[in-house]
Structure formats: C-alpha cells, structure tokens
$ cat my_file.txt   # compact mmCIF, C-alpha atoms
# COMPACT_ATOMS: atom_id res chain seq x y z
CA MET F 1350 208.91 -107.92 158.77
CA LYS F 1351 207.96 -105.74 155.81
CA SER F 1352 204.30 -106.68 156.23
CA CYS F 1353 204.34 -105.71 159.92
CA LEU F 1354 205.99 -102.38 159.10
CA LEU F 1355 203.38 -101.71 156.43
CA LYS F 1356 200.51 -102.41 158.82
CA PHE F 1357 202.05 -100.24 161.52
CA CYS F 1358 202.64 -97.27 159.20
CA ARG F 1359 199.15 -97.54 157.75
CA LEU F 1360 197.66 -97.60 161.24
CA LEU F 1361 199.52 -94.40 162.08
CA CYS F 1362 198.10 -92.77 158.94
CA VAL F 1363 194.58 -93.94 159.83
CA MET F 1364 194.95 -92.39 163.27
CA LEU F 1365 196.03 -89.10 161.70
CA THR F 1366 192.86 -89.06 159.58
CA LEU F 1367 190.47 -89.55 162.50
CA PRO F 1368 189.51 -85.83 162.56
CA LEU F 1369 188.68 -86.07 158.84
CA TYR F 1370 186.64 -89.21 159.47
CA LEU F 1371 184.65 -87.39 162.17
CA MET F 1372 184.08 -84.50 159.78
CA GLU F 1373 182.74 -86.97 157.20
CA ILE F 1374 180.25 -88.70 159.49
CA THR F 1375 179.01 -85.37 160.89
CA GLY F 1376 178.57 -83.84 157.43
CA LEU F 1377 181.23 -81.16 157.85
CA TYR F 1378 183.39 -82.75 155.16
CA GLY F 1379 180.79 -81.59 152.65
CA MET F 1380 182.40 -78.15 152.81
CA TYR F 1381 185.51 -79.60 151.17
CA LYS F 1382 183.42 -80.54 148.13
CA ARG F 1383 183.05 -76.81 147.50
CA VAL F 1384 186.82 -76.29 147.71
CA PHE F 1385 187.89 -79.39 145.78
CA PRO F 1386 186.75 -78.13 142.32
CA TRP F 1387 188.95 -75.04 142.70
CA LEU F 1388 191.87 -77.25 143.70
CA ALA F 1389 191.27 -79.71 140.84
CA TYR F 1390 190.96 -76.89 138.29
CA ASN F 1391 194.33 -75.42 139.24
CA ILE F 1392 196.08 -78.80 139.37
CA THR F 1393 194.75 -79.55 135.88
CA PHE F 1394 197.13 -77.11 134.19
CA SER F 1395 200.23 -78.83 135.59
CA TYR F 1396 198.88 -82.35 134.99
CA ASN F 1397 197.92 -81.58 131.39
CA ASP F 1398 201.36 -80.14 130.68
CA LYS F 1399 203.02 -83.32 131.92
CA MET F 1400 200.48 -85.65 130.29
CA HIS F 1401 199.99 -83.73 127.04
CA LYS F 1402 201.55 -86.34 124.77
CA THR F 1403 199.83 -89.19 126.62
CA LYS F 1404 196.39 -87.62 126.28
CA ARG F 1405 197.00 -86.62 122.67
CA ASP F 1406 197.94 -90.20 121.80
CA LEU F 1407 195.00 -91.60 123.76
CA PHE F 1408 192.36 -89.59 121.92
CA ARG F 1409 194.09 -89.57 118.53
CA ASN F 1410 191.78 -92.13 116.88
CA MET F 1411 188.51 -90.97 118.43
CA ARG F 1412 187.17 -89.63 115.15
CA LYS F 1413 186.90 -93.15 113.71
CA PHE F 1414 183.96 -93.83 116.06
CA ALA F 1415 181.85 -91.05 114.55
CA ASN F 1416 178.48 -91.79 112.98
CA ARG F 1417 178.08 -92.30 109.25
CA ASP F 1418 177.00 -88.67 108.91
CA GLY F 1419 180.27 -87.57 110.56
CA THR F 1420 178.79 -86.49 113.88
CA LEU F 1421 180.45 -87.63 117.09
CA ARG F 1422 178.41 -87.70 120.30
CA LEU F 1423 180.67 -87.84 123.34
CA LEU F 1424 179.79 -88.19 127.02
CA GLU F 1425 182.36 -87.62 129.74
CA ILE F 1426 181.88 -89.21 133.16
CA GLY F 1427 183.30 -87.11 135.98
CA CYS F 1428 184.15 -84.25 133.66
CA GLY F 1429 185.36 -82.11 136.55
CA SER F 1430 186.65 -78.81 135.21
CA GLY F 1431 186.89 -79.96 131.59
CA ALA F 1432 190.56 -80.95 131.58
CA ASN F 1433 190.14 -83.13 128.47
CA PHE F 1434 188.25 -80.71 126.24
CA LYS F 1435 191.24 -79.43 124.30
CA PHE F 1436 192.16 -82.97 123.25
CA TYR F 1437 188.78 -83.80 121.69
CA PRO F 1438 188.32 -83.66 117.89
CA ASP F 1439 186.76 -80.61 116.28
CA GLY F 1440 183.00 -80.48 116.06
CA CYS F 1441 182.04 -83.27 118.45
CA THR F 1442 179.07 -82.74 120.75
CA VAL F 1443 179.94 -83.14 124.43
CA THR F 1444 177.64 -84.09 127.30
CA CYS F 1445 179.20 -83.59 130.73
CA THR F 1446 178.37 -85.46 133.93
CA ASP F 1447 179.76 -85.09 137.43
CA PRO F 1448 178.35 -85.81 140.89
CA ASN F 1449 179.76 -82.52 142.24
CA PRO F 1450 177.67 -79.52 141.08
CA HIS F 1451 180.35 -77.09 142.24
CA PHE F 1452 182.51 -77.99 139.23
CA GLU F 1453 180.15 -76.16 136.86
CA LYS F 1454 181.77 -72.75 137.39
CA TYR F 1455 185.18 -74.06 136.29
CA LEU F 1456 183.63 -76.23 133.60
CA ARG F 1457 182.26 -73.10 131.94
CA LEU F 1458 185.76 -71.60 131.84
CA SER F 1459 187.05 -74.65 129.97
CA MET F 1460 184.09 -74.52 127.60
CA ASP F 1461 184.84 -70.89 126.77
CA ALA F 1462 188.47 -71.87 126.05
CA SER F 1463 187.51 -74.83 123.81
CA THR F 1464 185.31 -73.33 121.14
CA HIS F 1465 186.06 -76.15 118.70
CA LEU F 1466 183.44 -78.27 120.51
CA THR F 1467 179.67 -78.15 120.79
CA TYR F 1468 178.31 -78.58 124.30
CA ASP F 1469 175.05 -80.28 125.12
CA THR F 1470 174.24 -80.43 128.84
CA PHE F 1471 175.87 -80.72 132.25
CA VAL F 1472 174.14 -83.42 134.30
CA VAL F 1473 174.79 -83.82 138.01
CA VAL F 1474 174.80 -87.61 138.40
CA SER F 1475 177.10 -90.33 139.67
CA GLY F 1476 178.74 -92.69 137.21
CA GLU F 1477 176.92 -95.62 138.79
CA ASP F 1478 173.48 -94.28 137.91
CA MET F 1479 173.12 -92.25 134.72
CA GLU F 1480 169.44 -92.95 134.13
CA ALA F 1481 169.07 -89.48 132.62
CA VAL F 1482 171.12 -90.71 129.65
CA ARG F 1483 169.29 -92.88 127.10
CA ASP F 1484 170.41 -96.37 126.09
CA GLU F 1485 172.86 -96.49 123.17
CA SER F 1486 172.72 -92.71 122.75
CA VAL F 1487 176.44 -91.84 122.47
CA ASP F 1488 179.36 -92.83 120.25
CA VAL F 1489 182.12 -92.33 122.79
CA VAL F 1490 182.36 -92.29 126.59
CA VAL F 1491 185.42 -90.82 128.30
CA CYS F 1492 186.52 -91.38 131.89
CA THR F 1493 189.87 -90.08 133.19
CA LEU F 1494 191.02 -90.15 136.82
CA VAL F 1495 187.49 -91.05 137.90
CA LEU F 1496 187.29 -94.81 138.43
CA CYS F 1497 189.61 -94.35 141.40
CA SER F 1498 186.90 -92.53 143.33
CA VAL F 1499 183.60 -94.18 142.34
CA THR F 1500 181.82 -96.47 144.77
CA ASP F 1501 181.32 -99.37 142.34
CA VAL F 1502 183.63 -99.63 139.32
CA GLN F 1503 181.72 -102.53 137.74
CA ARG F 1504 178.43 -100.66 138.01
CA VAL F 1505 179.97 -97.66 136.23
CA LEU F 1506 181.24 -99.89 133.43
CA GLN F 1507 177.78 -101.47 133.08
CA GLU F 1508 176.33 -97.98 132.66
CA VAL F 1509 179.01 -97.19 130.07
CA ARG F 1510 178.01 -100.24 128.04
CA ARG F 1511 174.34 -99.33 128.35
CA ILE F 1512 174.67 -95.80 126.97
CA LEU F 1513 177.21 -96.64 124.25
CA ARG F 1514 175.92 -97.57 120.83
CA THR F 1515 177.11 -100.88 119.42
CA GLY F 1516 180.57 -100.28 117.99
CA GLY F 1517 181.13 -97.24 120.22
CA ALA F 1518 184.24 -96.76 122.35
CA PHE F 1519 185.05 -96.15 126.00
CA TYR F 1520 188.30 -94.21 126.58
CA PHE F 1521 190.04 -94.35 129.95
CA LEU F 1522 193.13 -93.00 131.70
CA GLU F 1523 193.46 -94.00 135.35
CA HIS F 1524 196.12 -94.22 138.02
CA VAL F 1525 196.34 -97.71 139.54
CA VAL F 1526 198.06 -99.73 142.23
CA SER F 1527 201.75 -100.39 141.73
CA ASP F 1528 203.55 -103.74 141.66
CA PRO F 1529 203.47 -105.28 145.19
CA SER F 1530 207.25 -105.64 145.20
CA SER F 1531 207.82 -101.91 144.63
CA SER F 1532 208.41 -99.13 147.14
CA THR F 1533 205.60 -97.20 145.45
CA TYR F 1534 203.19 -99.95 146.49
CA PHE F 1535 204.32 -99.55 150.10
CA LEU F 1536 203.67 -95.80 149.97
CA GLN F 1537 200.28 -96.31 148.36
CA GLN F 1538 199.16 -98.74 151.06
CA VAL F 1539 200.36 -96.47 153.86
CA PHE F 1540 199.01 -93.14 152.65
CA GLU F 1541 195.73 -94.23 151.03
CA PRO F 1542 193.62 -93.36 154.12
CA LEU F 1543 194.86 -89.76 153.98
CA TRP F 1544 194.74 -89.56 150.18
CA TYR F 1545 191.10 -90.69 150.29
CA TYR F 1546 190.07 -87.49 152.07
CA LEU F 1547 192.40 -85.08 150.27
CA GLY F 1548 191.33 -86.53 146.91
CA ASP F 1549 187.59 -86.47 147.62
CA GLY F 1550 187.21 -90.24 147.83
CA CYS F 1551 190.18 -91.21 145.66
CA MET F 1552 191.58 -94.71 146.19
CA ILE F 1553 195.17 -95.25 145.06
CA THR F 1554 195.31 -99.04 145.43
CA ARG F 1555 192.80 -100.14 142.81
CA ALA F 1556 193.71 -102.68 140.11
CA THR F 1557 191.26 -101.09 137.68
CA TRP F 1558 192.52 -103.06 134.68
CA LYS F 1559 190.94 -106.18 136.19
CA ASP F 1560 187.53 -104.49 136.20
CA LEU F 1561 187.97 -103.50 132.57
CA GLU F 1562 188.96 -107.04 131.62
CA ALA F 1563 185.81 -108.39 133.31
CA ALA F 1564 183.40 -105.75 131.96
CA GLY F 1565 182.35 -107.65 128.82
CA PHE F 1566 183.54 -105.29 126.06
CA SER F 1567 184.08 -106.92 122.67
CA GLU F 1568 187.59 -105.44 122.45
CA LEU F 1569 189.98 -104.04 125.04
CA HIS F 1570 193.07 -102.04 124.08
CA LEU F 1571 194.93 -101.37 127.35
CA LYS F 1572 198.49 -100.59 128.32
CA HIS F 1573 200.31 -99.76 131.54
CA VAL F 1574 202.32 -96.54 131.55
CA GLU F 1575 204.28 -94.46 134.03
CA ALA F 1576 203.03 -90.89 134.24
CA PRO F 1577 206.00 -88.52 134.00
CA GLU F 1578 206.83 -86.14 136.82
CA VAL F 1579 203.63 -86.61 138.81
CA THR F 1580 203.43 -87.55 142.48
CA ARG F 1581 205.07 -90.93 142.92
CA MET F 1582 202.03 -92.58 144.50
CA ILE F 1583 199.90 -91.99 141.40
CA ARG F 1584 202.61 -92.53 138.80
CA PRO F 1585 201.43 -96.01 137.67
CA HIS F 1586 198.66 -95.50 135.09
CA ILE F 1587 196.61 -97.50 132.64
CA MET F 1588 195.30 -96.02 129.40
CA GLY F 1589 193.43 -97.17 126.33
CA TYR F 1590 189.95 -97.80 125.01
CA SER F 1591 187.32 -100.55 124.88
CA ILE F 1592 184.83 -101.19 122.09
CA LYS F 1593 181.28 -102.30 122.76
$ encode --input "my_file.txt" --output "structure tokens"
Amino acid sequence: MKSCLLKFCRLLCVMLTLPLYLMEITGLYGMYKRVFPWLAYNITFSYNDKMHKTKRDLFRNMRKFANRDGTLRLLEIGCGSGANFKFYPDGCTVTCTDPNPHFEKYLRLSMDASTHLTYDTFVVVSGEDMEAVRDESVDVVVCTLVLCSVTDVQRVLQEVRRILRTGGAFYFLEHVVSDPSSSTYFLQQVFEPLWYYLGDGCMITRATWKDLEAAGFSELHLKHVEAPEVTRMIRPHIMGYSIK
C-alpha cells in the first residue's frame, strides 16, 4: 500500500514538473542558471549559520595536510559563491572550479570578505573533467553540496584522486538519502523531480557514502549527521574526509 501511494504521489509531482522539463529540452531552462547563483548566495548565509559548528569541525584538521614548507594548496569543486572560504585555515592558496560561470560575481564578494586566503584562479569546468588541473598538484580538495548534482559521482572522485598528491585529503559534506523506513525518505522520493529543477540538477536520493567507499582512497573517515534546522528533505548528511 505504501509503495503504491509513493508511486502515485511521485507521478503527480512529475506531472507538475512537465513545464520545467519542456523548458529544459528547449533550452529555456538555461535562464535559471543565471538566477540560481543569486539564490544560492543568499541561502548560504542561513545555511552557514545553522551549519557553522559542523563546518568548523569538518575543516579543523586541514592544516595537517600542508606541505613540508607549510604551504597548503586547496582546490574546491563546485565552489559556488565561496560559502566555505571563512572556514579555511589562514594562508592557504585556493583554486576555485564551478561549471556555472555566473557564480563568479558572488565568488568575488566572498573573496573580498575572506582576506586570510590567497586566491589562485577560477576555472569553469565540471567536476567530471578537470583536465585543466595537473596531476597530483593540490594538497586538499573540498566538495560540499556538490556530489548531489553531478552527472557521474564516481568520475568526479576519480578526478579528485588524480589531482591530489599522495597523502592529500578530500573533504566532503553532502546531503544524502534518508533511511527507507523514514517519512523523510517518502518525501524525498516524491519531491525529487521538482527539487531537481529548483536545485539546478540536485538529486536528493543519492547514497553518496557508497560511492566514497568504492572510490579507492587509502583511508575514509565518514559519519552520518542530521543537519540542524534545514529543510527536512535534505536534513540527512554525511561529512568527513578521505586520504589518498
């Protein structure tokens, strides 16, 4: 009975998104990619307030992956508007990548507010293909709320391993699918078709921890957490870091 109800409700949601689907296949949805960076930038303030302790704890030990000379080269995949900058250790050099060039305006605002960092370049590339970044050229890679919207999670993780030096670390913070027995899981399954368009390709039913477990890192430090006071459908999170 529950399964039938789930399928029926999801079908209704799919039908509601048909206009958005038509916009996507005709190219009109591309206009939303200009609006989404503004939306993401403004949401960032609220999310960072609620997740401040979580992010602080996540990045607390990042300095230990610095080079012998003390420098720390960091690359962020899907940097967006620079929501993580204030949590990075003083003096590290940051390279930013994002497939949406319209984030750059808001990225510059975050750079101006985070003068404790040195900024290298902003590269418009997808996480699946970062050929502009040399092999083993960075100490740390960061990816937060990004693996939910990439086309191929495993391909992104392969690229992460390629550009990380041996002994370097990959930090992640992602919302994931809830336990199948929970009411949150039901909501995620029903509303994912709509969320996909509102979130610029975001999928809320991914079990991303399985991809991380299969990625081939030498160490994986991962834990499941509940994000406080955020929308129920994206409350289940995973966080941690992997070492190459």
$ atom_distance --input "my_file.txt" --atom1 "CA of Asp1469 in chain F" --atom2 "CA of Pro1450 in chain F"
16.2 Å
$ residues_around --input "my_file.txt" --residues "Thr1444 in chain F" --least-positions-apart "5" --cutoff "9 Å" --atoms "only C-alpha atoms" --output "JSON, numbers by chain"
{"F": [1422, 1423, 1424, 1425, 1426, 1468, 1469, 1470, 1471, 1472]}
$ write_last_selection --input "my_file.txt" --atoms "C-alpha atoms" --output "PDB file, in the frame of the given file"
ATOM      1  CA  ARG F1422     178.410 -87.700 120.300  1.00  0.00           C
ATOM      2  CA  LEU F1423     180.670 -87.840 123.340  1.00  0.00           C
ATOM      3  CA  LEU F1424     179.790 -88.190 127.020  1.00  0.00           C
ATOM      4  CA  GLU F1425     182.360 -87.620 129.740  1.00  0.00           C
ATOM      5  CA  ILE F1426     181.880 -89.210 133.160  1.00  0.00           C
ATOM      6  CA  TYR F1468     178.310 -78.580 124.300  1.00  0.00           C
ATOM      7  CA  ASP F1469     175.050 -80.280 125.120  1.00  0.00           C
ATOM      8  CA  THR F1470     174.240 -80.430 128.840  1.00  0.00           C
ATOM      9  CA  PHE F1471     175.870 -80.720 132.250  1.00  0.00           C
ATOM     10  CA  VAL F1472     174.140 -83.420 134.300  1.00  0.00           C
TER      11      VAL F1472
END
$ atom_distance --input "my_file.txt" --atom1 "CA of Ile1512 in chain F" --atom2 "CA of Lys1593 in chain F"
10.2 Å
$ closest_residue --input "my_file.txt" --among "F:Glu1453, F:Glu1575, F:Asp1488, F:Asp1560" --to "Trp1387 in chain F" --atoms "only C-alpha atoms"
F:Glu1453
$ residues_around --input "my_file.txt" --residues "Ala1564 in chain F" --least-positions-apart "4" --cutoff "10 Å" --atoms "only C-alpha atoms" --output "number ranges by chain"
F: 1502-1507, 1509-1510, 1558-1560, 1569, 1591
$ atom_distance --input "my_file.txt" --atom1 "CA of Ser1498 in chain F" --atom2 "CA of Leu1365 in chain F"
20.8 Å
$ closest_residue --input "my_file.txt" --among "F:Lys1404, F:Arg1417, F:Arg1383, F:Lys1399" --to "Val1579 in chain F" --atoms "all atoms listed in the file"
F:Lys1399
$ residues_around --input "my_file.txt" --residues "Glu1485 in chain F" --least-positions-apart "5" --cutoff "9 Å" --atoms "all atoms listed in the file" --output "ChimeraX atom specification"
/F:1510-1515,1517
$ write_last_selection --input "my_file.txt" --atoms "C-alpha atoms" --output "compact mmCIF listing (two decimals), keeping the file's coordinate frame"
# COMPACT_ATOMS: atom_id res chain seq x y z
CA ARG F 1510 178.01 -100.24 128.04
CA ARG F 1511 174.34 -99.33 128.35
CA ILE F 1512 174.67 -95.80 126.97
CA LEU F 1513 177.21 -96.64 124.25
CA ARG F 1514 175.92 -97.57 120.83
CA THR F 1515 177.11 -100.88 119.42
CA GLY F 1517 181.13 -97.24 120.22
$ residues_near_point --input "my_file.txt" --point "(199.7, -89.5, 124.5)" --cutoff "12 Å" --atoms "only C-alpha atoms" --output "list in words"
Asn1397, Asp1398, Lys1399, Met1400, His1401, Lys1402, Thr1403, Lys1404, Arg1405, Asp1406, Leu1407, Phe1408, Arg1409, Asn1410, Phe1436, Leu1522, Lys1572, Val1574, Glu1575, Ala1576, Pro1577, Ile1587, Met1588 and Gly1589 of chain F
$ closest_residue --input "my_file.txt" --among "F:Gly1548, F:Gly1429, F:Gly1565, F:Gly1476" --to "Thr1393 in chain F" --atoms "all atoms listed in the file"
F:Gly1429
$ residues_around --input "my_file.txt" --residues "Lys1356 in chain F" --least-positions-apart "4" --cutoff "8 Å" --atoms "all atoms listed in the file" --output "PDB file with C-alpha atoms, in the coordinates of the input"
ATOM      1  CA  SER F1352     204.300-106.680 156.230  1.00  0.00           C
ATOM      2  CA  LEU F1360     197.660 -97.600 161.240  1.00  0.00           C
ATOM      3  CA  VAL F1539     200.360 -96.470 153.860  1.00  0.00           C
TER       4      VAL F1539
END
$ residues_around --input "my_file.txt" --residues "Leu1369 in chain F" --least-positions-apart "4" --cutoff "12 Å" --atoms "all atoms listed in the file" --output "VMD selection string"
chain F and resid 1362 to 1365 1373 to 1381 1542 to 1547 1549 to 1550
$ write_last_selection --input "my_file.txt" --atoms "C-alpha atoms" --output "PDB file, in the frame of the given file"
ATOM      1  CA  CYS F1362     198.100 -92.770 158.940  1.00  0.00           C
ATOM      2  CA  VAL F1363     194.580 -93.940 159.830  1.00  0.00           C
ATOM      3  CA  MET F1364     194.950 -92.390 163.270  1.00  0.00           C
ATOM      4  CA  LEU F1365     196.030 -89.100 161.700  1.00  0.00           C
ATOM      5  CA  GLU F1373     182.740 -86.970 157.200  1.00  0.00           C
ATOM      6  CA  ILE F1374     180.250 -88.700 159.490  1.00  0.00           C
ATOM      7  CA  THR F1375     179.010 -85.370 160.890  1.00  0.00           C
ATOM      8  CA  GLY F1376     178.570 -83.840 157.430  1.00  0.00           C
ATOM      9  CA  LEU F1377     181.230 -81.160 157.850  1.00  0.00           C
ATOM     10  CA  TYR F1378     183.390 -82.750 155.160  1.00  0.00           C
ATOM     11  CA  GLY F1379     180.790 -81.590 152.650  1.00  0.00           C
ATOM     12  CA  MET F1380     182.400 -78.150 152.810  1.00  0.00           C
ATOM     13  CA  TYR F1381     185.510 -79.600 151.170  1.00  0.00           C
ATOM     14  CA  PRO F1542     193.620 -93.360 154.120  1.00  0.00           C
ATOM     15  CA  LEU F1543     194.860 -89.760 153.980  1.00  0.00           C
ATOM     16  CA  TRP F1544     194.740 -89.560 150.180  1.00  0.00           C
ATOM     17  CA  TYR F1545     191.100 -90.690 150.290  1.00  0.00           C
ATOM     18  CA  TYR F1546     190.070 -87.490 152.070  1.00  0.00           C
ATOM     19  CA  LEU F1547     192.400 -85.080 150.270  1.00  0.00           C
ATOM     20  CA  ASP F1549     187.590 -86.470 147.620  1.00  0.00           C
ATOM     21  CA  GLY F1550     187.210 -90.240 147.830  1.00  0.00           C
TER      22      GLY F1550
END
$ closest_residue --input "my_file.txt" --among "F:Cys1497, F:Cys1492, F:Met1411, F:Val1384" --to "Val1525 in chain F" --atoms "all atoms listed in the file"
F:Cys1497
$ closest_residue --input "my_file.txt" --among "F:Glu1568, F:Glu1508, F:Glu1523, F:Asp1418" --to "Ile1553 in chain F" --atoms "only C-alpha atoms"
F:Glu1523
$ closest_residue --input "my_file.txt" --among "F:Asn1416, F:Thr1493, F:Thr1446, F:Thr1366" --to "Asp1478 in chain F" --atoms "all atoms listed in the file"
F:Thr1446
$ build_atoms --input "my_file.txt" --residues "range 1535-1550 of chain F" --atoms "N, CA and C atoms" --output "mmCIF file, keeping the file's coordinate frame"
data_model
loop_
_atom_site.group_PDB
_atom_site.id
_atom_site.type_symbol
_atom_site.label_atom_id
_atom_site.label_comp_id
_atom_site.auth_asym_id
_atom_site.auth_seq_id
_atom_site.Cartn_x
_atom_site.Cartn_y
_atom_site.Cartn_z
ATOM 1 N N PHE F 1535 204.263 -99.766 148.647
ATOM 2 C CA PHE F 1535 204.320 -99.550 150.100
ATOM 3 C C PHE F 1535 203.742 -98.175 150.443
ATOM 4 N N LEU F 1536 204.160 -97.157 149.716
ATOM 5 C CA LEU F 1536 203.670 -95.800 149.970
ATOM 6 C C LEU F 1536 202.164 -95.698 149.714
ATOM 7 N N GLN F 1537 201.709 -96.342 148.662
ATOM 8 C CA GLN F 1537 200.280 -96.310 148.360
ATOM 9 C C GLN F 1537 199.449 -96.916 149.480
ATOM 10 N N GLN F 1538 199.888 -98.060 149.982
ATOM 11 C CA GLN F 1538 199.160 -98.740 151.060
ATOM 12 C C GLN F 1538 199.145 -97.898 152.336
ATOM 13 N N VAL F 1539 200.253 -97.255 152.629
ATOM 14 C CA VAL F 1539 200.360 -96.470 153.860
ATOM 15 C C VAL F 1539 199.508 -95.210 153.809
ATOM 16 N N PHE F 1540 199.617 -94.472 152.703
ATOM 17 C CA PHE F 1540 199.010 -93.140 152.650
ATOM 18 C C PHE F 1540 197.602 -93.104 152.047
ATOM 19 N N GLU F 1541 197.073 -94.247 151.615
ATOM 20 C CA GLU F 1541 195.730 -94.230 151.030
ATOM 21 C C GLU F 1541 194.668 -93.649 151.956
ATOM 22 N N PRO F 1542 194.660 -93.939 153.261
ATOM 23 C CA PRO F 1542 193.620 -93.360 154.120
ATOM 24 C C PRO F 1542 193.604 -91.823 154.094
ATOM 25 N N LEU F 1543 194.787 -91.218 154.051
ATOM 26 C CA LEU F 1543 194.860 -89.760 153.980
ATOM 27 C C LEU F 1543 194.494 -89.267 152.583
ATOM 28 N N TRP F 1544 195.016 -89.958 151.561
ATOM 29 C CA TRP F 1544 194.740 -89.560 150.180
ATOM 30 C C TRP F 1544 193.245 -89.593 149.880
ATOM 31 N N TYR F 1545 192.539 -90.546 150.487
ATOM 32 C CA TYR F 1545 191.100 -90.690 150.290
ATOM 33 C C TYR F 1545 190.376 -89.374 150.591
ATOM 34 N N TYR F 1546 190.751 -88.728 151.677
ATOM 35 C CA TYR F 1546 190.070 -87.490 152.070
ATOM 36 C C TYR F 1546 190.572 -86.291 151.263
ATOM 37 N N LEU F 1547 191.863 -86.206 151.040
ATOM 38 C CA LEU F 1547 192.400 -85.080 150.270
ATOM 39 C C LEU F 1547 191.939 -85.127 148.820
ATOM 40 N N GLY F 1548 191.743 -86.363 148.295
ATOM 41 C CA GLY F 1548 191.330 -86.530 146.910
ATOM 42 C C GLY F 1548 189.848 -86.724 146.710
ATOM 43 N N ASP F 1549 189.048 -86.362 147.713
ATOM 44 C CA ASP F 1549 187.590 -86.470 147.620
ATOM 45 C C ASP F 1549 187.139 -87.881 147.258
ATOM 46 N N GLY F 1550 187.625 -88.857 148.031
ATOM 47 C CA GLY F 1550 187.210 -90.240 147.830
ATOM 48 C C GLY F 1550 188.118 -91.063 146.931
#
